[in-house]
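Reproduced below: start05.cif, with mmCIF, C-alpha atoms and all ligand atoms.
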data_work
loop_
_atom_site.label_atom_id
_atom_site.label_comp_id
_atom_site.auth_asym_id
_atom_site.auth_seq_id
_atom_site.Cartn_x
_atom_site.Cartn_y
_atom_site.Cartn_z
CA MET A 981 -134.56 125.40 -3.78
CA SER A 982 -136.01 125.64 -7.28
CA HIS A 983 -137.80 122.34 -6.67
CA HIS A 984 -140.05 123.82 -4.00
CA SER A 985 -142.94 125.66 -5.51
CA ASN A 986 -143.06 128.08 -2.58
CA SER A 987 -139.42 129.15 -2.94
CA PRO A 988 -139.08 132.94 -3.33
CA ILE A 989 -136.42 132.46 -6.02
CA GLN A 990 -135.92 130.29 -9.06
CA MET A 991 -133.09 129.73 -11.45
CA VAL A 992 -133.33 130.96 -15.01
CA GLU A 993 -130.87 131.20 -17.88
CA LEU A 994 -130.11 134.70 -19.14
CA GLU A 995 -128.54 135.24 -22.53
CA ASN A 996 -125.64 137.45 -21.44
CA LYS A 997 -125.17 136.38 -17.83
CA GLY A 998 -125.61 132.62 -17.74
CA ARG A 999 -127.63 131.24 -14.87
CA ALA A 1000 -129.43 133.74 -12.66
CA LEU A 1001 -131.87 133.76 -9.75
CA VAL A 1002 -135.14 135.67 -10.11
CA SER A 1003 -138.01 136.33 -7.72
CA THR A 1004 -141.04 134.05 -8.09
CA LYS A 1005 -143.37 136.51 -6.31
CA PRO A 1006 -143.37 140.06 -4.97
CA LEU A 1007 -140.83 140.30 -2.17
CA LYS A 1008 -140.77 142.49 0.92
CA ALA A 1009 -137.75 144.40 2.20
CA GLY A 1010 -135.80 142.26 4.63
CA GLU A 1011 -137.30 138.97 3.44
CA ILE A 1012 -134.98 135.97 3.62
CA LEU A 1013 -134.41 134.53 0.14
CA LEU A 1014 -132.01 131.79 0.95
CA LYS A 1015 -130.04 130.11 3.68
CA ASP A 1016 -127.20 128.18 2.13
CA SER A 1017 -124.77 125.70 3.69
CA PRO A 1018 -121.24 125.50 2.35
CA ILE A 1019 -120.01 122.79 0.00
CA LEU A 1020 -116.58 123.38 1.46
CA LEU A 1021 -114.64 125.92 3.52
CA TYR A 1022 -110.94 126.61 3.74
CA SER A 1023 -108.72 128.89 5.75
CA ALA A 1024 -107.60 132.15 4.18
CA LEU A 1025 -104.94 132.91 6.76
CA PRO A 1026 -101.22 132.28 6.85
CA SER A 1027 -100.79 129.16 9.02
CA SER A 1028 -99.27 131.05 11.94
CA SER A 1029 -102.39 133.09 12.69
CA ALA A 1030 -104.94 130.41 11.79
CA ALA A 1031 -104.93 129.28 15.41
CA ASN A 1032 -107.37 132.06 16.37
CA TYR A 1033 -110.12 130.23 14.52
CA CYS A 1034 -111.52 126.75 14.72
CA SER A 1035 -110.14 124.78 11.76
CA HIS A 1036 -113.56 123.24 11.19
CA CYS A 1037 -116.22 125.90 11.81
CA PHE A 1038 -113.94 129.00 11.77
CA ARG A 1039 -115.43 130.47 14.94
CA THR A 1040 -113.09 132.71 16.88
CA ILE A 1041 -111.41 130.71 19.64
CA SER A 1042 -110.87 132.90 22.66
CA SER A 1043 -107.49 132.69 24.33
CA GLN A 1044 -109.26 131.69 27.55
CA SER A 1045 -111.10 128.80 25.93
CA THR A 1046 -110.85 125.54 27.83
CA THR A 1047 -112.53 123.37 25.22
CA THR A 1048 -109.91 123.79 22.48
CA LEU A 1049 -108.71 120.51 21.04
CA SER A 1050 -106.19 119.70 18.39
CA CYS A 1051 -105.96 117.00 15.78
CA PRO A 1052 -104.34 113.89 17.28
CA ASN A 1053 -102.03 113.64 14.26
CA CYS A 1054 -100.95 117.17 13.47
CA SER A 1055 -101.43 118.69 16.95
CA ALA A 1056 -100.65 122.39 16.72
CA ALA A 1057 -101.45 122.78 13.03
CA SER A 1058 -105.22 122.33 13.40
CA GLN A 1059 -107.33 123.36 16.35
CA PHE A 1060 -110.99 122.79 17.06
CA CYS A 1061 -113.26 124.82 19.28
CA SER A 1062 -115.14 121.85 20.72
CA PRO A 1063 -115.23 118.04 20.82
CA GLN A 1064 -118.16 118.23 18.36
CA CYS A 1065 -116.10 120.15 15.81
CA GLN A 1066 -113.16 117.84 16.32
CA SER A 1067 -115.14 114.68 15.68
CA ALA A 1068 -117.04 116.22 12.75
CA ALA A 1069 -113.76 117.41 11.24
CA LEU A 1070 -112.06 114.04 11.44
CA CYS A 1071 -114.58 112.53 9.05
CA THR A 1072 -115.26 115.57 6.82
CA SER A 1073 -112.98 118.62 6.58
CA HIS A 1074 -109.94 117.13 8.32
CA THR A 1075 -109.82 113.51 7.20
CA PRO A 1076 -106.50 111.66 7.35
CA PHE A 1077 -106.13 112.61 3.65
CA VAL A 1078 -106.41 116.35 4.43
CA CYS A 1079 -104.36 116.05 7.60
CA SER A 1080 -101.33 114.53 5.92
CA ALA A 1081 -101.62 116.79 2.86
CA LEU A 1082 -101.75 119.94 5.00
CA ARG A 1083 -98.84 118.70 7.08
CA ARG A 1084 -96.71 118.21 3.98
CA LEU A 1085 -97.87 121.52 2.54
CA GLY A 1086 -96.80 123.32 5.71
CA ALA A 1087 -93.48 121.50 6.02
CA ALA A 1088 -90.42 123.70 5.94
CA ASP A 1089 -89.28 122.41 2.56
CA SER A 1090 -92.66 122.81 0.85
CA PRO A 1091 -92.16 124.68 -2.46
CA LEU A 1092 -94.90 127.24 -1.71
CA LEU A 1093 -93.31 128.19 1.59
CA LEU A 1094 -89.88 128.31 0.01
CA LEU A 1095 -91.29 130.69 -2.60
CA HIS A 1096 -93.20 132.77 -0.02
CA HIS A 1097 -96.15 132.19 -2.31
CA HIS A 1098 -99.01 133.20 -0.01
CA ASP A 1099 -101.82 133.09 -2.59
CA GLY A 1100 -100.53 129.76 -3.85
CA LEU A 1101 -100.69 128.35 -0.33
CA ILE A 1102 -104.34 129.39 0.03
CA GLN A 1103 -105.18 127.97 -3.40
CA ALA A 1104 -103.42 124.73 -2.50
CA ARG A 1105 -105.61 124.49 0.61
CA PHE A 1106 -108.67 124.90 -1.57
CA LEU A 1107 -107.48 122.12 -3.90
CA ILE A 1108 -106.79 119.78 -0.99
CA ALA A 1109 -110.30 120.45 0.35
CA ALA A 1110 -111.78 119.91 -3.12
CA TYR A 1111 -109.94 116.64 -3.75
CA ASN A 1112 -110.89 115.49 -0.27
CA LEU A 1113 -114.50 116.12 -1.23
CA ALA A 1114 -114.12 114.02 -4.37
CA ILE A 1115 -113.17 111.12 -2.12
CA ALA A 1116 -115.29 111.79 0.98
CA SER A 1117 -118.44 113.25 -0.57
CA PRO A 1118 -118.84 112.68 -4.31
CA SER A 1119 -122.24 114.40 -4.42
CA LYS A 1120 -120.82 117.60 -2.96
CA PHE A 1121 -117.93 117.35 -5.39
CA GLN A 1122 -120.46 117.16 -8.24
CA SER A 1123 -122.13 120.25 -6.90
CA LEU A 1124 -118.75 122.01 -6.90
CA LEU A 1125 -118.17 120.91 -10.48
CA SER A 1126 -121.55 122.33 -11.53
CA LEU A 1127 -120.51 125.87 -10.61
CA GLN A 1128 -119.43 128.31 -13.27
CA GLY A 1129 -115.77 128.34 -14.20
CA ASP A 1130 -113.80 126.48 -16.80
CA ALA A 1131 -110.18 126.78 -17.59
CA LEU A 1132 -107.49 124.79 -19.25
CA SER A 1133 -104.26 124.42 -17.38
CA ASP A 1134 -101.70 127.21 -17.61
CA ASP A 1135 -98.29 127.61 -15.95
CA ALA A 1136 -99.73 128.66 -12.59
CA SER A 1137 -102.24 125.83 -12.36
CA VAL A 1138 -99.72 123.25 -13.60
CA PHE A 1139 -97.37 124.33 -10.83
CA LEU A 1140 -100.12 124.16 -8.20
CA HIS A 1141 -101.22 120.81 -9.57
CA SER A 1142 -97.72 119.41 -9.15
CA VAL A 1143 -97.46 120.75 -5.60
CA VAL A 1144 -100.86 119.40 -4.62
CA SER A 1145 -100.31 116.03 -6.33
CA THR A 1146 -97.12 115.66 -4.34
CA VAL A 1147 -98.53 116.58 -0.95
CA CYS A 1148 -101.74 114.59 -1.53
CA GLN A 1149 -100.04 111.62 -3.14
CA LEU A 1150 -102.88 111.54 -5.63
CA PRO A 1151 -103.45 108.43 -7.66
CA ASN A 1152 -101.99 109.42 -11.02
CA SER A 1153 -104.68 108.55 -13.48
CA GLY A 1154 -107.02 106.64 -11.20
CA GLY A 1155 -110.77 106.53 -11.50
CA LEU A 1156 -111.09 109.92 -9.88
CA GLY A 1157 -109.37 111.57 -12.83
CA PHE A 1158 -107.26 114.08 -10.96
CA SER A 1159 -105.48 115.95 -13.72
CA ALA A 1160 -103.90 119.32 -14.34
CA ASP A 1161 -107.00 120.32 -16.30
CA LEU A 1162 -109.31 119.34 -13.45
CA THR A 1163 -107.11 121.36 -11.08
CA ALA A 1164 -107.35 124.37 -13.41
CA ALA A 1165 -111.14 124.04 -13.65
CA LEU A 1166 -111.45 123.80 -9.86
CA LEU A 1167 -109.31 126.91 -9.41
CA ALA A 1168 -111.58 128.78 -11.84
CA LYS A 1169 -114.69 127.73 -9.91
CA ASP A 1170 -113.13 128.93 -6.70
CA LYS A 1171 -112.16 132.27 -8.22
CA LEU A 1172 -115.60 133.01 -9.69
CA ASN A 1173 -117.75 131.73 -6.83
CA ALA A 1174 -116.02 131.84 -3.43
CA PHE A 1175 -117.56 133.94 -0.66
CA GLY A 1176 -115.18 135.43 1.88
CA LEU A 1177 -116.09 135.00 5.53
CA MET A 1178 -114.55 138.07 7.11
CA GLU A 1179 -112.60 138.36 10.33
CA PRO A 1180 -114.56 140.15 13.09
CA PHE A 1181 -115.03 143.79 12.08
CA ASP A 1182 -112.42 146.13 13.50
CA GLN A 1183 -112.67 149.80 12.59
CA GLY A 1184 -108.95 150.29 12.96
CA LYS A 1185 -107.89 147.43 10.72
CA GLN A 1186 -108.12 146.54 7.06
CA ARG A 1187 -110.97 144.17 6.25
CA SER A 1188 -109.60 140.67 5.94
CA VAL A 1189 -110.98 137.25 5.22
CA ARG A 1190 -110.71 134.39 7.69
CA ALA A 1191 -112.03 131.66 5.43
CA TYR A 1192 -113.47 131.16 1.97
CA GLY A 1193 -116.58 129.14 1.34
CA LEU A 1194 -118.26 127.75 -1.77
CA TYR A 1195 -122.04 127.67 -1.58
CA PRO A 1196 -124.21 125.56 -3.88
CA THR A 1197 -127.11 127.96 -4.51
CA ALA A 1198 -125.80 131.39 -3.52
CA SER A 1199 -123.23 130.93 -6.31
CA PHE A 1200 -125.98 131.56 -8.85
CA PHE A 1201 -126.56 135.17 -7.85
CA ASN A 1202 -125.13 137.50 -10.46
CA HIS A 1203 -123.51 140.84 -9.67
CA ASP A 1204 -125.02 144.31 -9.81
CA CYS A 1205 -123.27 147.48 -8.66
CA LEU A 1206 -126.52 148.51 -6.97
CA PRO A 1207 -127.63 145.18 -5.55
CA ASN A 1208 -131.19 144.41 -4.47
CA ALA A 1209 -130.14 141.72 -1.99
CA CYS A 1210 -127.20 141.18 0.29
CA ARG A 1211 -125.48 138.40 2.14
CA PHE A 1212 -125.20 138.05 5.90
CA ASP A 1213 -123.02 135.63 7.81
CA TYR A 1214 -122.82 134.97 11.53
CA VAL A 1215 -119.69 132.86 11.83
CA ASP A 1216 -119.10 133.71 15.49
CA SER A 1217 -122.66 133.01 16.56
CA SER A 1218 -123.26 130.02 18.77
CA GLU A 1219 -125.79 128.55 16.36
CA PHE A 1220 -125.07 125.10 15.04
CA SER A 1221 -124.93 126.15 11.38
CA ASN A 1222 -122.67 129.13 11.93
CA THR A 1223 -121.14 129.00 8.46
CA ASP A 1224 -124.48 129.12 6.63
CA ILE A 1225 -124.99 132.37 4.77
CA THR A 1226 -128.31 134.19 4.57
CA ILE A 1227 -129.41 136.29 1.61
CA ARG A 1228 -131.96 139.02 2.34
CA VAL A 1229 -133.83 141.46 0.12
CA ILE A 1230 -132.74 145.07 0.58
CA HIS A 1231 -136.01 146.68 -0.57
CA ASP A 1232 -139.39 145.62 -1.96
CA LEU A 1233 -139.24 143.88 -5.33
CA PRO A 1234 -141.81 142.75 -7.89
CA ALA A 1235 -142.11 139.15 -9.10
CA GLY A 1236 -139.81 138.14 -11.93
CA ARG A 1237 -136.98 140.50 -11.01
CA GLU A 1238 -133.41 139.26 -11.15
CA ILE A 1239 -131.85 139.17 -7.67
CA CYS A 1240 -128.26 140.41 -7.60
CA LEU A 1241 -125.58 140.82 -4.97
CA SER A 1242 -122.61 143.13 -5.14
CA TYR A 1243 -119.42 141.08 -5.29
CA PHE A 1244 -117.53 143.78 -3.34
CA PRO A 1245 -118.28 146.87 -1.24
CA VAL A 1246 -120.79 149.12 -2.98
CA ASN A 1247 -118.65 152.24 -2.51
CA PHE A 1248 -116.00 151.15 -5.02
CA LYS A 1249 -115.60 153.64 -7.85
CA TYR A 1250 -116.50 152.92 -11.46
CA LEU A 1251 -113.01 152.09 -12.75
CA GLU A 1252 -112.18 150.03 -9.69
CA ARG A 1253 -115.39 148.03 -10.14
CA GLN A 1254 -114.90 147.48 -13.85
CA GLN A 1255 -111.34 146.34 -13.31
CA ARG A 1256 -112.25 143.96 -10.51
CA LEU A 1257 -115.11 142.43 -12.46
CA LYS A 1258 -112.95 141.95 -15.54
CA GLU A 1259 -109.96 140.51 -13.73
CA ASP A 1260 -111.67 138.38 -11.11
CA TYR A 1261 -114.99 137.52 -12.74
CA ASP A 1262 -114.26 137.88 -16.43
CA PHE A 1263 -117.15 140.07 -17.53
CA VAL A 1264 -117.91 143.68 -18.38
CA CYS A 1265 -120.61 145.13 -16.16
CA ASP A 1266 -123.28 147.19 -17.88
CA CYS A 1267 -125.66 147.61 -14.98
CA ASP A 1268 -127.69 150.84 -14.69
CA ARG A 1269 -125.19 152.39 -12.31
CA CYS A 1270 -122.25 151.65 -14.59
CA LYS A 1271 -124.14 153.09 -17.58
CA VAL A 1272 -124.55 156.36 -15.68
CA GLU A 1273 -121.08 156.48 -14.17
CA ALA A 1274 -119.30 155.57 -17.41
CA ASN A 1275 -120.09 159.11 -18.57
CA TRP A 1276 -118.97 160.87 -15.43
CA SER A 1277 -116.00 163.17 -15.41
CA ASP A 1278 -113.36 162.64 -12.73
CA ASP A 1279 -114.80 165.59 -10.79
CA GLU A 1280 -118.10 163.85 -10.44
CA GLU A 1281 -116.42 160.68 -9.20
CA GLU A 1282 -114.77 162.76 -6.54
CA GLY A 1283 -118.10 164.18 -5.51
CA GLU A 1284 -119.59 160.76 -5.10
CA GLY A 1285 -116.70 159.57 -2.97
CA GLU A 1286 -117.17 162.48 -0.62
CA MET A 1287 -120.82 161.80 -0.24
CA ASP A 1288 -120.13 158.37 1.24
CA HIS A 1289 -118.44 159.93 4.22
CA ASP A 1290 -120.46 163.09 4.51
CA ASP A 1291 -122.48 162.47 7.59
CA GLY A 1292 -122.47 166.11 8.64
CA ASP A 1293 -125.21 166.65 11.20
CA ASP A 1294 -127.65 164.15 9.81
CA GLY A 1295 -127.54 161.80 12.76
CA MET A 1296 -125.33 159.15 11.17
CA ASP A 1297 -122.55 159.67 13.69
CA GLU A 1298 -121.16 156.20 14.22
CA ASP A 1299 -119.39 156.76 17.52
CA GLY A 1300 -122.48 156.15 19.62
CA ASP A 1301 -123.16 153.12 21.72
CA GLY A 1302 -125.66 151.07 19.72
CA ASP A 1303 -123.53 148.09 18.61
CA ASP A 1304 -123.78 145.82 21.59
CA ASP A 1305 -127.51 145.60 21.72
CA ASP A 1306 -130.37 145.26 19.36
CA GLU A 1307 -133.20 146.74 21.34
CA GLU A 1308 -135.19 148.95 19.02
CA GLY A 1309 -135.48 151.74 21.58
CA ASP A 1310 -131.76 152.20 21.84
CA LEU A 1311 -130.82 152.41 18.21
CA GLU A 1312 -129.27 155.24 16.36
CA THR A 1313 -131.44 156.83 13.77
CA THR A 1314 -130.34 156.93 10.18
CA ASP A 1315 -131.60 159.54 7.80
CA CYS A 1316 -133.54 157.52 5.31
CA GLY A 1317 -135.12 160.35 3.41
CA MET A 1318 -134.28 161.32 -0.15
CA ASP A 1319 -134.32 165.06 0.21
CA ARG A 1320 -131.25 165.80 2.22
CA GLU A 1321 -129.95 169.31 1.95
CA GLY A 1322 -127.25 169.67 -0.66
CA GLU A 1323 -128.02 166.34 -2.33
CA ASP A 1324 -127.04 166.28 -5.95
CA ASP A 1325 -130.27 165.60 -7.83
CA SER A 1326 -128.39 164.60 -10.96
CA PHE A 1327 -127.08 161.51 -9.24
CA PRO A 1328 -129.90 159.00 -9.68
CA HIS A 1329 -128.46 156.44 -7.32
CA ALA A 1330 -127.78 158.77 -4.39
CA TYR A 1331 -130.81 157.34 -2.61
CA PHE A 1332 -129.16 153.95 -2.40
CA PHE A 1333 -126.11 155.33 -0.64
CA VAL A 1334 -128.08 157.43 1.79
CA ARG A 1335 -130.35 154.62 2.74
CA TYR A 1336 -128.44 151.39 2.30
CA MET A 1337 -124.74 152.18 2.82
CA CYS A 1338 -123.39 151.66 6.31
CA SER A 1339 -122.10 154.94 7.73
CA VAL A 1340 -119.60 153.37 10.11
CA ASP A 1341 -116.03 154.41 9.22
CA ASN A 1342 -114.07 151.87 7.20
CA CYS A 1343 -117.05 149.53 7.04
CA GLY A 1344 -118.39 149.75 3.51
CA GLY A 1345 -121.19 147.35 4.40
CA THR A 1346 -124.69 147.27 2.97
CA LEU A 1347 -127.80 147.67 5.12
CA ALA A 1348 -130.91 145.54 4.84
CA PRO A 1349 -133.95 145.62 7.11
CA LEU A 1350 -134.45 142.77 9.55
CA PRO A 1351 -136.94 140.21 8.22
CA PRO A 1352 -140.60 141.29 8.36
CA VAL A 1353 -142.59 139.91 11.29
CA ASP A 1354 -146.17 138.85 10.47
CA ALA A 1355 -145.74 140.59 7.08
CA ARG A 1356 -144.99 143.87 8.85
CA PRO A 1357 -141.76 145.43 7.56
CA SER A 1358 -139.04 146.09 10.11
CA THR A 1359 -137.63 149.58 10.56
CA VAL A 1360 -134.38 148.20 11.93
CA MET A 1361 -131.53 148.04 9.43
CA GLU A 1362 -128.67 145.58 9.89
CA CYS A 1363 -125.22 146.06 8.38
CA ASN A 1364 -123.84 142.97 6.67
CA VAL A 1365 -120.21 143.83 7.48
CA CYS A 1366 -119.93 145.48 10.92
CA GLY A 1367 -123.19 143.99 12.18
CA SER A 1368 -124.46 147.27 13.63
CA PHE A 1369 -128.17 148.04 13.75
CA SER A 1370 -129.76 151.38 12.98
CA LYS A 1371 -133.30 152.59 12.98
CA CYS A 1372 -134.78 153.78 9.75
CA GLU A 1373 -137.48 156.40 10.04
CA ASP A 1374 -139.82 156.68 7.11
C1 LIG A 1401 -121.00 133.58 -9.00
S1 LIG A 1401 -121.26 133.29 -10.70
C2 LIG A 1401 -122.93 133.76 -10.94
C3 LIG A 1401 -123.75 132.67 -11.63
C4 LIG A 1401 -123.40 132.42 -13.06
N1 LIG A 1401 -124.12 133.33 -13.96
C5 LIG A 1401 -123.66 130.99 -13.45
O1 LIG A 1401 -124.19 130.75 -14.52
O2 LIG A 1401 -123.30 130.09 -12.69
C6 LIG A 1401 -120.30 134.63 -11.36
C7 LIG A 1401 -120.24 134.68 -12.86
O3 LIG A 1401 -121.50 135.03 -13.42
C8 LIG A 1401 -121.36 135.93 -14.51
N2 LIG A 1401 -121.95 137.23 -14.13
C9 LIG A 1401 -122.26 137.65 -12.88
N3 LIG A 1401 -122.81 138.87 -12.88
C10 LIG A 1401 -122.84 139.27 -14.18
C11 LIG A 1401 -123.27 140.47 -14.82
N4 LIG A 1401 -123.78 141.48 -14.14
N5 LIG A 1401 -123.14 140.53 -16.17
C12 LIG A 1401 -122.62 139.49 -16.88
N6 LIG A 1401 -122.18 138.34 -16.32
C13 LIG A 1401 -122.28 138.22 -14.98
C14 LIG A 1401 -119.87 136.07 -14.75
O4 LIG A 1401 -119.50 135.12 -15.70
C15 LIG A 1401 -119.28 135.73 -13.39
O5 LIG A 1401 -117.96 135.25 -13.48
#
For the file at hand, write its structure as structure tokens.
Amino acid sequence: MSHHSNSPIQMVELENKGRALVSTKPLKAGEILLKDSPILLYSALPSSSAANYCSHCFRTISSQSTTTLSCPNCSAASQFCSPQCQSAALCTSHTPFVCSALRRLGAADSPLLLLHHHDGLIQARFLIAAYNLAIASPSKFQSLLSLQGDALSDDASVFLHSVVSTVCQLPNSGGLGFSADLTAALLAKDKLNAFGLMEPFDQGKQRSVRAYGLYPTASFFNHDCLPNACRFDYVDSSEFSNTDITIRVIHDLPAGREICLSYFPVNFKYLERQQRLKEDYDFVCDCDRCKVEANWSDDEEEGEGEMDHDDGDDGMDEDGDGDDDDEEGDLETTDCGMDREGEDDSFPHAYFFVRYMCSVDNCGGTLAPLPPVDARPSTVMECNVCGSFSKCED
């Protein structure tokens, strides 16, 4: 993307954040910054429930589907939603190498199953997909290696390396250089860069991930607790590239501004955010929001939490019909103004929550306008988690 002079974003190096993506020109709310195709995808589910999704494209497979096919070699273990996915899988994501490795990994005497080591099982799947890439698509493997994340092997990665070497029957010190240190580095890249593709939104259930994906360009977006862009995915759409992710601008931005995503739902509290960023991403966030909230007393944190759910009589009632259709005339109206009654003026970021936080219960998604049409901004906001649309009145 940075090679095209008309790209809306370019990569720069920032002293305290590493690589970053910044706007090359003024950007309009809703504008598409990037569509990115995955380097690799892998299932996040325990094997028993993975059958609800295509093992190649991760679309939901309906129980009535008549086009479902399995892998000729591992039958029940991998299912594909269509002949196209099956044939694509057999030479990319589900090569004979992956097929036999996954079969051994899922065998009853596999050490990860014996240990009930769920996270280890998911990480092993990532490693199998990554090593498959090294063999099947060296250029994609290079792109994976270029992502941030370096680590020397420790006990956990040495254990995973031994499991994966066994199930993959890796050449010991062959030209491909599979080693415990490479395994540790790959695991670090996965941890710092993977995007979760969520299961279909269900208000009554905990959010959960169906698959993880590593994306070559979207991985360069840094985090901000009040992001100016957000990520959309449409895994269950019938489009060909259903696992591509789209990054859109939340509000107007000047040229030269760093574009950031939030690595988790925006309604997380200060301590929760700091802890997550330290543990999972290995940095201390000092964004504007964190600077303000670092000085808050516990009482103020409480107040902020309540505001997320306080939809009182402001028209944000989420039990309406709207979801199943995107006609502008039929949308619910969200209060997009800044001067709501009872708003705490001392909270400088309240505006973000009022305008860009999804009000659907248990959603936690971020809203961005639909892309502008003929440079005219859209007044329809789309939620990047539950997918609902709302109308924003200015
Ligand atoms: C998905 S990568 C983002 C791109 C990364 N800067 C690079 O050079 O490839 C995530 C990593 O970027 C760095 N990072 C992201 N947001 C940051 C922030 N707000 N402050 C400091 N470092 C950040 C952290 O090292 C984090 O683990």
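With distances restricted to all atoms listed in the file, A:Ala1355 is the closest residue to Gly1010 of chain A from A:Ala1087, A:Met991, A:Ala1198, A:Ala1355.
You will find atom CA of Leu1095 of chain A at 27.2 Å from atom CA of Gly1129 of chain A.
Distances to Asp1016 of chain A were evaluated for A:Ile1225, A:Val1334, A:Cys1079, A:Val1143 using only C-alpha atoms, and the minimum falls at A:Ile1225.
Taking all atoms listed in the file into account, Ser1017 of chain A lies nearest to A:Asp1213 out of the set A:Glu1179, A:Glu995, A:Asp1204, A:Asp1213.
Going from atom CA of Val1264 of chain A to atom CA of Gly1236 of chain A covers 23.5 Å.
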Please enclose the listed atoms of segment 1236-1247 of chain A in an axis-aligned box, pad each side by 8 Å, and write out the centre and the three edge lengths in Å, rounded to one decimal, as AutoDock Vina command-line options.
--center_x -128.7 --center_y 145.2 --center_z -6.6 --size_x 38.3 --size_y 30.1 --size_z 26.7
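Distance annotation: of A:Leu1347, A:Ala1114, A:Ala1000, A:Cys1065, the residue with the minimal separation from Gln1128 of chain A is A:Ala1000; atom set is all atoms listed in the file.
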